[in-house]
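Undergrad: So that we are looking at the same thing, I have put the structure below in structure tokens.
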Amino acid sequence: MINEILLRRRNHIYLEERLLTGSGDQSLRVLTMMKNIESLGYIFSRELYERLCATEKGALDAFYLELVRLLKSRVGADHEWRPMYPNFPQEVMERSQEELYLNAVVHYWSGGAAYPPVQKQERLPVPDETKAVVLSSGTREELPEIFRNLAEANGSWSEQDRQDIRWYFANVPDAAEWLPDRIPEKENAAYIGKCCLELCPLTGAGMLKKYFRTAADVLRLSAALSGGDVSLAKKVRFRSFRRQERRILMDLLSEASGLLEEMHGRPEVWKRFGERLHPGEFHAEQYVRVRAAFEKIRNDCPVEPFAGRVEQALLKKDAFRAVEILKARPGERARRRDMLLRMEQREVPGEKLSWQEARIRKMQTQQMILEAFEASAAQVATPVLLQVREHFMHRNHQAFRYYFPKGRLAAARMVANAELLVEEDICRQVAAICEQTLTARFSGLEPMGRVYLSEALKNYIVPFHQRAASKAARTPARGSRLPLDQQAQAVRGFIWWTNMENGERVDLDLSAAIFDEHWNYLEHVSYTHLCSDRYRSCHSGDIVDGGPADGEGVCEFLDVDIKSIIKYGGRYVVYQVYSYTEQIFSDLPHASFGYMERQDVKSGEIFEPRLVRQYMELTSGTKVVIPMILDCAARRMVWCDAGMSLGACRNNAGGNNLESNLSGVALACCTMVNMHRTNLYDLLKLHVDGRGELCETKDNADRIFDAEEGITPFDTDVILAEFMQ
């Protein structure tokens, strides 16, 4: 597991010192190993090569077998890849529509057992021009560094992050001692609290008070202990807590701030929590306030929460009152900055104002709001300041504003921006306040020295929220633009899956919709339309039965020819995966998606591990996933990794396939492509302005930030811990 973590996060390999015997020369054996892993897209660094050459023979063989297993799992080479048509894509392109239809019908009639009687033909080798990933030598001491980075991350974790944290607590005896004094992300703190109580209660329980200071913090911890949603966005079914756990939760609540207000913000949640906590059983004096609060919430005693006071002021158009209330919560005030600046100040009864006087009053109100923001900006968290800055830099420069209600891509909304404009000078002032505050904050951190900052980082989004990110070989933030290789002529998407463990049939469908630059639908490729002659795009055939959960699984491929898309007026290709049998992806034992970049779709095996550019598990809690959008004109991939709800995106036709969901898909993807989010270049440039010196070449740099070397966009633990403080 150590090498699995180091490989995934650093492309490093750890070798125990005791295995470095220094006797014998294993160079020929190591060269053979390196040549073999080239087929998976990896090679050894010189340092790692030399260390392996000094490794004892038996340990070297064991190391190689484990390494190959790990590398295969990163690119999907640990599965069988046998599509319906083994000579794809040429075989599908050459068959008539009648033949393809008949073969599909026979396959359906047989319940997925019958395949076309085709003999696999020999294929030309793939051009050997692939750039391999370099594996370097790592150390065991990197584990505490990774663990601490994750704990200090100022952004939510992915499921993979949570698994790594839990492994660390379960396998490192002094894990709790490596925890920092502050865990900035509340959801992460809740999960760490869960690990402390479950895996090292003797050392971890006493450290919880510094992380859980508000009633909401304690509620998140109880949700984590119950296996529920720590964001509290979904309903939590609290489990029965042990007596010791209940005492710890009561101790935390007895010192927590905002207890009554938090309870009245989520009354039903707290009532259900109280039913499991049994606060009445704790009679000590220190719990009087907690018992009284639960008694009030059970009896529905009215308390006007903070949010209610703010909403009342906004409804009355009382900007001064709203700003005054929000002083207590600078972060919330920053998030509401746009609404406050657009709000007209209420008129005094009987007062008649000319338009000039009304304009002056609005300007005075806006100036008051700006001054209040500037005075409190230093108290606002870095992620919020970055998002506010980005919002006001671009808010007036697009015809529509885009929203994802509760983060759901399928519920994307576009609102005309014409009537919601804020004066450009005001927008610049807000953005400038954010930049000045961030630069001053970063200047207090450790100096960076000379820094090389690649322009390529402008294509990568800051990973603010990785909560729902799928497990992947590399996990970019949603909305990031991944460049295509200049030699690539086609993109081959692929899926692999099995049936449920109880034998229930699973049918997944890989599809692609082609749109022009204005998101007008042009054509699609799916199980209903295997081949597009015009756009030279092709599907490998619809398989309807995944086979046993512990078996070889089944797969589908889908090729898109980039030049043909552009030639006939297309631009965007949206890859989609549908659960036709309507299981939720997160419930499936095995389901994955990836893509390759191909110079020639006819050469090489259908699945070539070294050409895989991204490979991910499909773990969304939905029945539809949009993994990525291919922008053919810009030759880049827009990473989505987004689940969609059928109910939110279905057309009037209904149905669980691409054709029934085109309008919703187009809107959601248009939204994803056009949204402005803070990129890594802008974040790191603010750091350089505050505590470093920009240099033009890597040779003269003390620190390198690039898409391929140094600190990369995929070093999310480093980015969130060190550069989001």
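Labeling convention for the structure tokens: chains A, B, ... as they appear, residues from 1 per chain, ligands from 1 in order of appearance.
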List the spatial neighbours of Arg336 of chain A as a list in words - criterion: any atom at most 10 Å away, only C-alpha atoms, same-chain residues fewer than 4 positions off excluded.
TA: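 Once the adjacent positions are removed, what remains is Ala322, Val323, Leu326, Pro330, Gly331, Glu332, Leu340, Leu341 and Val388 of chain A.
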Undergrad: Pick out the residues sitting within 9 Å of segment 689-705 of chain A, and hand them over as a count of residues only; count only C-alpha atoms, and ignore anything fewer than 2 positions along from it in its own chain.
TA: 30
Undergrad: Report the residues of segment 381-598 of chain A whose backbone DSSP state falls under strand (DSSP E or B), written as a PyMOL selection string.
TA: chain A and resi 400-403+413-416+449-453+461+465+472+481-483+490-497+508-515+521-526+529+531-532+537-539+554-561+572-579+591-598
Undergrad: Given the choices A:Ala313, A:Ala490, A:Val105, A:Ala284, which gets closest to Gly541 of chain A if the distance is worked out from only C-alpha atoms?
TA: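 Among A:Ala313, A:Ala490, A:Val105, A:Ala284, it is A:Val105 that comes nearest to Gly541 of chain A.
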Undergrad: Given the choices A:Ala113, A:Val554, A:Ala591, A:Leu611, which gets closest to Tyr42 of chain A if the distance is worked out from only C-alpha atoms?
TA: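 Using only C-alpha atoms, the shortest distance to Tyr42 of chain A belongs to A:Leu611.
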Undergrad: I'd like the contact shell of Tyr615 of chain A - 10 Å cut-off, only C-alpha atoms, skipping same-chain residues fewer than 4 positions apart - returned as a PyMOL selection string.
TA: chain A and resi 73-76+470-475+493-495+592-596
Undergrad: Name the residues in contact with Leu70 of chain A at a cut-off of 10 Å, using only C-alpha atoms, excluding same-chain residues fewer than 4 positions from it; report them as number ranges by chain.
TA: A: 1, 3-4, 7-8, 64-66, 74-75, 77-78
Undergrad: Hey, which bits of segment 575-616 of chain A sit within 6 Å of segment 506-521 of chain A, and for each residue what's the closest pair of atoms and how far apart in Å (one decimal), counting only C-alpha atoms, rows by chain and increasing number, as a Markdown table?
TA:
| residue | atom | partner | partner_atom | distance |
| --- | --- | --- | --- | --- |
| A:Tyr575 | CA | A:Ala512 | CA | 4.5 |
| A:Gln576 | CA | A:Ser511 | CA | 5.2 |
| A:Val577 | CA | A:Leu510 | CA | 4.7 |
| A:Tyr578 | CA | A:Asp509 | CA | 5.1 |
| A:Ser579 | CA | A:Leu508 | CA | 4.7 |
| A:Tyr580 | CA | A:Asp507 | CA | 5.5 |
| A:Thr581 | CA | A:Asp507 | CA | 5.5 |
Undergrad: Residues of the last selection are to be written out with C-alpha atoms, as a JSON list (two decimals), in the first residue's frame.
TA:
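Output below, filename out-v2.json:
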[["chain", "number", "residue", "atom", "x", "y", "z"],
["A", 575, "TYR", "CA", -18.69, 11.37, -24.14],
["A", 576, "GLN", "CA", -21.45, 9.87, -22.01],
["A", 577, "VAL", "CA", -22.01, 6.60, -20.14],
["A", 578, "TYR", "CA", -25.57, 5.41, -19.43],
["A", 579, "SER", "CA", -26.65, 2.68, -17.04],
["A", 580, "TYR", "CA", -29.29, 1.19, -19.32],
["A", 581, "THR", "CA", -30.41, -1.32, -16.67]]
Undergrad: For atom CA of Arg123 of chain A and atom CA of Leu40 of chain A, quote the distance in Å rounded to one decimal.
TA: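 A separation of 18.5 Å between them.
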Undergrad: In segment 393-525 of chain A, what's helix (DSSP H, G or I) per DSSP? Answer as an MDAnalysis selection string?
TA: chainID A and resid 393:394 405:407 409:411 418:420 424:443 455:459
Undergrad: Excluding same-chain residues fewer than 4 positions from Lys567 of chain A, what lies within 12 Å of it counting only C-alpha atoms, as a ChimeraX atom specification?
TA: /A:516,534-536,561-563,571,632-633
